[in-house]
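Following: one structure in structure tokens, then a few remarks.
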Amino acid sequence: MTPADQFHRCLLNHSDGKVRLELDAVRKAFQQVYPELAATPSARGRLRELLDILQLDERIELPKGRELWDVSALPALPRWVKLPRDTVSAEKPDLRAIPWSPELRFLATTRVFVPLADLLKLQEFFARGGRERPLVPIKERSLEIFGDEKRLDPLARGSALFGEGRLTPEKLRCFIVPEPLPWTAGSTSDGPVIVIENAATWHSYCRWNAEQKLFSAVIYGCGNRFVDGIRSLNDIFAALGGPRRVLYFGDLDPQGLLIPQEASARAQAASLPAVEPHLWSYRQLLMLGDGRGQPWGGEPPSSTLCDWLGECAEPVRQLFAASQRLAQEHVGWEFLRDQAGAIK
């Protein structure tokens, strides 16, 4: 049973026969399935991911209007979800009676909650000799199969169609292409690279680096994209002449700390350098943001989340304990412009 299947079953158990579940009930169902994750910074994102998968599989309906979503933190969460009364319609065809291609035979014994029309399009792909096709990016294959370049990617990332003993991107002769990481080369060739979470601060650091020549490249992390695009470091290192230290500077909120740590784990698994905090930048952010924190109403972070920050860990723990966050934009161009020779 996939995580989405487990969560869906738990939602049904919490529904007490009701069609609509309020967000509190949805959170309780999530906590029951993921008790170890529910109190971590990634809980909200994982919950939204599961809801998106269930909507994609047509097992739930999500509200349409923005006013029906909780936008107090990112990602937004629906204030309620709707469950169909009948999860399996009597009018649905018997999938066991369809002579599936070898790659899809699991459909005869597995409920995947994907429209039959989509399953038949996959069947047609294999019937046309799909297993002999060259490898292409997933969006190109999706457009060919479904007439929609965005359909296949979310199915591959979370649908019950994919997994061990089921479909894989390789069986469909495609691969997921992460978004490339924009970057600007510095005039020094042997310095570290620095990854900046947000666009405005990235621009300011590019200007600053052009004058101070501190980094061999300033990379735009684009929030969570940095995690998925970590292998882009290979291309950047190749252009720079080889691997070097990877420093990171982002917002001081739980998600802003989770991103570089998850990226670092993926980097090391791919034999790339670990992602380290740029402590000078974080020290400046704590100094400039002192008394200017913004309220933050997300889930309490784990006690170890701040350890990655080394000497800056304790003041950040105190910041989070006060339900505050600091945007990295406090370290802006006007401040950086006056920091010639100050970085250590």
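Residues in the structure tokens are named by chain (A, B, ... in the order shown) and by number from 1 within that chain; ligands are numbered from 1 in the order shown.
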Hey, could you make a per-residue contact list for range 141-208 of chain A against range 235-239 of chain A with 10 Å as the cut-off, showing the nearest pair of atoms and its distance in Å to one decimal, counting only C-alpha atoms, sorted by chain and number, as a Markdown table?
```
| residue | atom | partner | partner_atom | distance |
| --- | --- | --- | --- | --- |
| A:Pro180 | CA | A:Asp235 | CA | 9.5 |
| A:Leu181 | CA | A:Ile236 | CA | 8.9 |
| A:Pro182 | CA | A:Ile236 | CA | 9.5 |
| A:Trp183 | CA | A:Ile236 | CA | 8.1 |
| A:Thr184 | CA | A:Ile236 | CA | 9.8 |
| A:Ala185 | CA | A:Ile236 | CA | 9.1 |
| A:Val193 | CA | A:Phe237 | CA | 9.2 |
```
Enumerate, in order of chain and increasing residue number, the residues of range 232-252 of chain A with an atom no farther than 12 Å from range 299-314 of chain A, each with its shortest atom pair and distance in Å to one decimal, counting only C-alpha atoms, as CSV.
```
residue,atom,partner,partner_atom,distance
A:Leu247,CA,A:Leu309,CA,11.6
A:Tyr248,CA,A:Leu309,CA,10.5
A:Phe249,CA,A:Leu309,CA,10.5
A:Gly250,CA,A:Leu309,CA,11.5
A:Leu252,CA,A:Cys306,CA,9.7
```
Can you write just those residues out, N, CA and C atoms, as a compact mmCIF listing (two decimals), in the first residue's frame?
```txt
# COMPACT_ATOMS: atom_id res chain seq x y z
N LEU A 247 28.41 26.84 -0.51
CA LEU A 247 27.86 27.58 0.62
C LEU A 247 26.41 27.95 0.33
N TYR A 248 25.64 28.18 1.38
CA TYR A 248 24.21 28.46 1.21
C TYR A 248 23.79 29.58 2.15
N PHE A 249 22.88 30.43 1.63
CA PHE A 249 22.28 31.48 2.45
C PHE A 249 20.81 31.60 2.07
N GLY A 250 19.93 31.46 3.06
CA GLY A 250 18.49 31.56 2.80
C GLY A 250 17.77 32.21 3.96
N LEU A 252 15.71 32.63 7.39
CA LEU A 252 15.76 31.96 8.69
C LEU A 252 14.34 31.63 9.12
```
- Message: Just list as an MDAnalysis selection string whatever in range 209-241 of chain A DSSP marks as strand (DSSP E).
- Response: chainID A and resid 217:220
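Counting only C-alpha atoms, the residue from A:Leu172, A:Leu77, A:Cys222, A:Ile230 that sits nearest to Ser264 in chain A is A:Ile230.
Across the model, the gap from CA of Arg59 in chain A to CA of Pro102 in chain A is 26.3 Å.
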- Query: Given the choices A:Arg96, A:Arg157, A:Lys82, A:Arg151, which gets closest to Lys64 in chain A if the distance is worked out from only C-alpha atoms?
  - Reply: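 The answer is A:Lys82, which sits nearest to Lys64 in chain A.
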- So what do you get for CA of Gln123 in chain A versus CA of Phe162 in chain A, distance-wise? 14.5 Å
- Item | Of the listed residues A:Ser15, A:Arg244, A:Pro254, A:Gly291, that which approaches Pro273 in chain A most closely, counting only C-alpha atoms |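 Of A:Ser15, A:Arg244, A:Pro254, A:Gly291, the one nearest Pro273 in chain A, counting only C-alpha atoms, is A:Arg244.
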- Name all residues at most 9 Å from range 46-57 of chain A (count only C-alpha atoms; drop same-chain ones fewer than 6 positions away) and give them as a count of residues only. 24
- Suppose you want the space between CA of Gly229 in chain A and CA of Thr188 in chain A; what is it in Å?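 According to the coordinates, CA of Gly229 in chain A and CA of Thr188 in chain A are separated by 24.0 Å.
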- Message: So that I can see what lies close to Lys171 in chain A, please list as a list in words the residues with an atom at most 9 Å from it, counting only C-alpha atoms and leaving out residues fewer than 5 positions away in the same chain.
- Response: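 The filter keeps Glu103, Gly130 and Arg131 of chain A.
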